[in-house]
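The next block is structure26.cif, given as mmCIF, C-alpha atoms.
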```cif
data_structure
#
loop_
_atom_site.group_PDB
_atom_site.id
_atom_site.type_symbol
_atom_site.label_atom_id
_atom_site.label_comp_id
_atom_site.auth_asym_id
_atom_site.auth_seq_id
_atom_site.Cartn_x
_atom_site.Cartn_y
_atom_site.Cartn_z
ATOM 1 C CA MET A 161 45.547 92.699 49.535
ATOM 2 C CA ALA A 162 47.608 94.782 47.062
ATOM 3 C CA ARG A 163 47.488 94.060 43.348
ATOM 4 C CA ILE A 164 50.965 94.412 41.919
ATOM 5 C CA ALA A 165 52.589 92.613 38.995
ATOM 6 C CA ARG A 166 53.969 89.135 38.225
ATOM 7 C CA PRO A 167 57.444 88.662 39.741
ATOM 8 C CA SER A 168 60.525 87.637 37.839
ATOM 9 C CA LEU A 169 61.852 85.283 40.492
ATOM 10 C CA ALA A 170 65.502 84.320 40.633
ATOM 11 C CA LEU A 171 65.507 83.274 44.242
ATOM 12 C CA ASN A 172 67.212 80.759 46.484
ATOM 13 C CA ARG A 173 65.162 77.581 45.931
ATOM 14 C CA LYS A 174 65.976 76.167 49.383
ATOM 15 C CA THR A 175 63.940 78.842 51.148
ATOM 16 C CA LEU A 176 61.319 79.339 48.429
ATOM 17 C CA ARG A 177 57.948 77.633 48.828
ATOM 18 C CA VAL A 178 55.717 77.278 45.786
ATOM 19 C CA ARG A 179 52.147 76.011 46.121
ATOM 20 C CA LYS A 180 49.706 75.285 43.311
ATOM 21 C CA THR A 181 46.176 76.478 43.823
ATOM 22 C CA GLY A 182 43.231 76.168 41.455
ATOM 23 C CA THR A 183 44.039 78.991 39.082
ATOM 24 C CA SER A 184 47.386 80.309 40.288
ATOM 25 C CA LEU A 185 50.760 79.566 41.820
ATOM 26 C CA ALA A 186 51.432 80.963 45.283
ATOM 27 C CA VAL A 187 55.021 81.781 46.218
ATOM 28 C CA THR A 188 56.002 82.635 49.785
ATOM 29 C CA VAL A 189 59.172 84.691 50.109
ATOM 30 C CA PRO A 190 60.896 86.801 52.748
ATOM 31 C CA LYS A 191 59.800 90.433 52.495
ATOM 32 C CA GLU A 192 63.311 91.759 51.721
ATOM 33 C CA TRP A 193 63.419 89.600 48.577
ATOM 34 C CA ALA A 194 60.342 91.322 47.215
ATOM 35 C CA ASP A 195 61.952 94.777 47.369
ATOM 36 C CA GLY A 196 64.000 94.206 44.212
ATOM 37 C CA MET A 197 61.386 92.193 42.279
ATOM 38 C CA ARG A 198 59.833 93.397 39.062
ATOM 39 C CA ILE A 199 56.149 92.717 39.567
ATOM 40 C CA GLU A 200 53.663 92.986 36.707
ATOM 41 C CA GLU A 201 50.040 93.975 36.715
ATOM 42 C CA GLY A 202 47.534 91.338 37.751
ATOM 43 C CA THR A 203 49.503 89.566 40.479
ATOM 44 C CA GLU A 204 48.268 89.552 44.044
ATOM 45 C CA VAL A 205 50.725 90.242 46.871
ATOM 46 C CA GLU A 206 49.633 89.520 50.420
ATOM 47 C CA ALA A 207 51.555 90.079 53.655
ATOM 48 C CA LEU A 208 51.114 86.929 55.776
ATOM 49 C CA TYR A 209 53.043 88.145 58.793
ATOM 50 C CA ASP A 210 56.033 90.398 59.473
ATOM 51 C CA GLY A 211 58.740 89.902 56.905
ATOM 52 C CA VAL A 212 56.950 87.318 54.713
ATOM 53 C CA LEU A 213 54.913 87.878 51.550
ATOM 54 C CA THR A 214 52.774 85.533 49.474
ATOM 55 C CA ILE A 215 52.699 86.311 45.774
ATOM 56 C CA ARG A 216 49.955 84.725 43.655
ATOM 57 C CA VAL A 217 50.795 84.399 39.966
ATOM 58 C CA PRO A 218 47.824 83.519 37.760
ATOM 59 C CA LYS A 219 48.226 80.524 35.449
ATOM 60 C CA PRO A 220 47.848 81.263 31.737
ATOM 61 C CA PRO A 221 44.548 80.237 30.168
ATOM 62 C CA PRO A 222 44.610 76.918 28.246
ATOM 63 C CA GLU A 223 44.727 78.621 24.847
ATOM 64 C CA GLU A 224 47.990 80.384 25.833
ATOM 65 C CA ARG A 225 49.814 77.345 27.217
ATOM 66 C CA LEU A 226 52.724 75.918 25.301
ATOM 67 C CA LEU A 227 51.927 72.309 24.485
ATOM 68 C CA LYS A 228 55.139 71.243 22.790
ATOM 69 C CA LYS A 229 58.329 72.670 21.370
ATOM 70 C CA VAL A 230 59.265 71.389 17.954
ATOM 71 C CA LYS A 231 62.696 71.844 16.435
ATOM 72 C CA PHE A 232 62.956 71.357 12.754
ATOM 73 C CA ASP A 233 66.143 71.805 10.780
ATOM 74 C CA LYS A 234 65.850 74.103 7.805
ATOM 75 C CA SER A 235 67.864 73.658 4.636
ATOM 76 C CA VAL A 236 70.686 76.024 3.752
ATOM 77 C CA ASP A 237 68.644 77.482 0.889
ATOM 78 C CA LEU A 238 65.663 78.120 3.146
ATOM 79 C CA LEU A 239 67.842 79.823 5.791
ATOM 80 C CA LEU A 240 69.602 81.979 3.188
ATOM 81 C CA ASN A 241 66.227 83.005 1.776
ATOM 82 C CA GLN A 242 64.966 83.820 5.275
ATOM 83 C CA LEU A 243 68.090 85.876 5.996
ATOM 84 C CA GLU A 244 67.709 87.829 2.782
ATOM 85 C CA LYS A 245 63.946 88.305 2.410
ATOM 86 C CA SER A 246 62.207 88.012 5.768
ATOM 87 C CA GLN A 247 60.258 91.081 6.879
ATOM 88 C CA ASP A 248 60.926 90.297 10.546
ATOM 89 C CA ALA A 249 64.336 91.305 11.932
ATOM 90 C CA TRP A 250 64.217 88.661 14.660
ATOM 91 C CA SER A 251 63.743 85.856 12.117
ATOM 92 C CA ARG A 252 66.609 87.227 9.985
ATOM 93 C CA ALA A 253 68.861 87.221 13.056
ATOM 94 C CA GLU A 254 67.805 83.661 13.917
ATOM 95 C CA ALA A 255 68.553 82.588 10.333
ATOM 96 C CA ALA A 256 72.035 84.102 10.615
ATOM 97 C CA LYS A 257 72.677 82.229 13.880
ATOM 98 C CA SER A 258 71.503 78.965 12.328
ATOM 99 C CA LEU A 259 73.693 79.489 9.268
ATOM 100 C CA GLY A 260 76.713 80.020 11.532
ATOM 101 C CA SER A 261 76.228 76.631 13.113
ATOM 102 C CA LEU A 262 76.267 74.849 9.718
ATOM 103 C CA LYS A 263 80.063 75.271 9.252
ATOM 104 C CA SER A 264 79.783 75.520 5.461
ATOM 105 C CA ASN A 265 81.591 77.955 3.138
ATOM 106 C CA ARG A 266 78.422 78.024 1.059
ATOM 107 C CA VAL A 267 76.799 80.439 3.502
ATOM 108 C CA VAL A 268 79.632 83.005 3.644
ATOM 109 C CA ALA A 269 78.314 85.216 0.840
ATOM 110 C CA GLY A 270 74.823 85.482 2.367
ATOM 111 C CA LEU A 271 76.174 86.225 5.841
ATOM 112 C CA LYS A 272 78.588 88.822 4.444
ATOM 113 C CA ALA A 273 75.731 90.562 2.618
ATOM 114 C CA ALA A 274 73.635 90.629 5.791
ATOM 115 C CA ALA A 275 76.587 91.798 7.916
ATOM 116 C CA SER A 276 77.245 94.784 5.709
ATOM 117 C CA GLY A 277 73.808 95.667 4.364
ATOM 118 C CA ASP A 278 70.949 94.722 6.682
ATOM 119 C CA ARG A 279 68.918 97.654 7.993
ATOM 120 C CA PHE A 280 68.704 96.381 11.584
ATOM 121 C CA TRP A 281 71.792 96.323 13.833
ATOM 122 C CA HIS A 282 70.941 93.025 15.557
ATOM 123 C CA VAL A 283 70.865 91.164 12.234
ATOM 124 C CA ARG A 284 74.234 92.634 11.249
ATOM 125 C CA GLU A 285 75.691 91.633 14.618
ATOM 126 C CA ALA A 286 74.268 88.093 14.357
ATOM 127 C CA ALA A 287 75.675 87.725 10.830
ATOM 128 C CA LEU A 288 79.143 88.819 11.980
ATOM 129 C CA LYS A 289 79.059 86.406 14.911
ATOM 130 C CA ALA A 290 77.897 83.623 12.587
ATOM 131 C CA LEU A 291 80.863 84.306 10.306
ATOM 132 C CA GLY A 292 83.076 84.022 13.381
ATOM 133 C CA GLU A 293 81.506 80.668 14.264
ATOM 134 C CA LEU A 294 82.319 79.334 10.797
ATOM 135 C CA GLY A 295 86.002 79.804 11.533
ATOM 136 C CA THR A 296 87.150 79.325 7.919
ATOM 137 C CA GLY A 297 89.541 81.438 5.877
ATOM 138 C CA ALA A 298 86.680 82.580 3.650
ATOM 139 C CA ALA A 299 84.736 83.691 6.729
ATOM 140 C CA LEU A 300 87.723 85.675 8.040
ATOM 141 C CA GLN A 301 88.146 87.310 4.634
ATOM 142 C CA ALA A 302 84.455 88.245 4.627
ATOM 143 C CA LEU A 303 84.759 89.741 8.128
ATOM 144 C CA LEU A 304 87.745 91.837 7.122
ATOM 145 C CA GLU A 305 86.034 93.008 3.919
ATOM 146 C CA THR A 306 82.870 94.218 5.669
ATOM 147 C CA GLY A 307 84.754 97.220 6.998
ATOM 148 C CA MET A 308 84.267 98.991 10.304
ATOM 149 C CA PRO A 309 80.593 99.159 11.334
ATOM 150 C CA GLU A 310 79.216 102.504 12.498
ATOM 151 C CA ASP A 311 77.013 101.041 15.241
ATOM 152 C CA ARG A 312 78.898 100.218 18.450
ATOM 153 C CA ARG A 313 76.785 97.106 19.039
ATOM 154 C CA VAL A 314 77.749 95.759 15.645
ATOM 155 C CA ARG A 315 81.425 96.577 16.298
ATOM 156 C CA ARG A 316 81.180 94.508 19.476
ATOM 157 C CA GLY A 317 79.864 91.630 17.355
ATOM 158 C CA LEU A 318 82.828 92.093 15.009
ATOM 159 C CA VAL A 319 85.284 91.842 17.908
ATOM 160 C CA SER A 320 83.482 88.750 19.172
ATOM 161 C CA ALA A 321 83.630 87.142 15.717
ATOM 162 C CA LEU A 322 87.283 87.979 15.156
ATOM 163 C CA GLY A 323 88.105 86.459 18.547
ATOM 164 C CA ASN A 324 87.443 83.029 17.013
ATOM 165 C CA PHE A 325 90.400 83.369 14.643
ATOM 166 C CA ARG A 326 94.105 83.016 15.402
ATOM 167 C CA GLN A 327 95.393 84.798 12.297
ATOM 168 C CA GLU A 328 97.388 88.008 12.675
ATOM 169 C CA GLU A 329 94.938 90.086 10.628
ATOM 170 C CA ALA A 330 92.144 89.324 13.086
ATOM 171 C CA GLY A 331 94.368 90.162 16.040
ATOM 172 C CA ARG A 332 95.371 93.509 14.522
ATOM 173 C CA VAL A 333 91.758 94.577 14.053
ATOM 174 C CA ILE A 334 90.868 93.548 17.617
ATOM 175 C CA VAL A 335 93.838 95.431 19.096
ATOM 176 C CA ASP A 336 93.000 98.481 16.986
ATOM 177 C CA LEU A 337 89.412 98.465 18.258
ATOM 178 C CA LEU A 338 90.487 97.941 21.862
ATOM 179 C CA GLU A 339 92.918 100.851 21.712
ATOM 180 C CA LYS A 340 91.008 103.350 19.588
ATOM 181 C CA ASP A 341 87.281 102.699 19.815
ATOM 182 C CA GLU A 342 85.436 105.441 21.672
ATOM 183 C CA SER A 343 82.733 103.114 22.986
ATOM 184 C CA PRO A 344 83.320 101.144 26.185
ATOM 185 C CA TYR A 345 80.609 98.831 24.855
ATOM 186 C CA VAL A 346 83.144 97.589 22.294
ATOM 187 C CA ARG A 347 86.165 97.504 24.606
#
```

In structure tokens, write the structure found in this file.
Amino acid sequence: MARIARPSLALNRKTLRVRKTGTSLAVTVPKEWADGMRIEEGTEVEALYDGVLTIRVPKPPPEERLLKKVKFDKSVDLLLNQLEKSQDAWSRAEAAKSLGSLKSNRVVAGLKAAASGDRFWHVREAALKALGELGTGAALQALLETGMPEDRRVRRGLVSALGNFRQEEAGRVIVDLLEKDESPYVR
């Protein structure tokens, strides 16, 4: 039996058989499916017969199981504070996304500051996209005032945000980026 890694399975469920055993899940798949799988350390792979593999994926221990997901809505002030002062880039980006869904002009200044001044590109991109989700005139003005980002990933976020507006100014910036930007990531 070969020890390979845990698979990321995106397989046809009609032909996939999953069995629960005491401490693992066993998945039986055709051998050709396993060729493209990413398999992590700790998973057992066993050839049952020609062309069929059984992959055993260990269950997480009880202390690592997710018991419940809780969604709690944060106030605008709390989200703005998180966007501005959090040490974690992921939480700043999540705050920007949450602020974009609030549809309030009150958040434009905080999102504009994050879009133009945050040190991590993903936060800047999330703030630009959040401004695009707001869809207000103040949000469009903030997008146009942030200037052209240096990072191509952030420029792609700018194009995505401007795509939510029907005003001519937004269209001109998008066309300019599509015609002149050197990065295919943006186009």

*Within 12 Å of range 276-284 of chain A, counting all atoms listed in the file, which residues qualify if same-chain residues fewer than 4 places away don't, as an NGL selection string?*
:A and (242-257 or 269-272 or 288-291 or 302-318 or 321)

*With all atoms listed in the file as the atoms that count, which of A:Glu339, A:Lys228, A:Ser264, A:Gly297 lies nearest to Gln327 in chain A?*
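Closest residue, counting all atoms listed in the file: A:Gly297.
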
*Atom-to-atom span, CA of Arg326 in chain A and CA of Ala286 in chain A, Å*: 20.5 Å

*By how many Å are CA of Asn324 in chain A and CA of Ala299 in chain A apart?*
10.7 Å

*Quote the spacing between CA of Ala287 in chain A and CA of Phe325 in chain A in Å to one decimal place.*
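If I compute the distance from CA of Ala287 in chain A to CA of Phe325 in chain A, I get 15.8 Å.
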
*Could you list the residues chosen by the PyMOL selection byres ((chain A and resi 262) around 10) in this structure as an MDAnalysis selection string?*
chainID A and resid 235:236 257:261 263:267 290 293:294
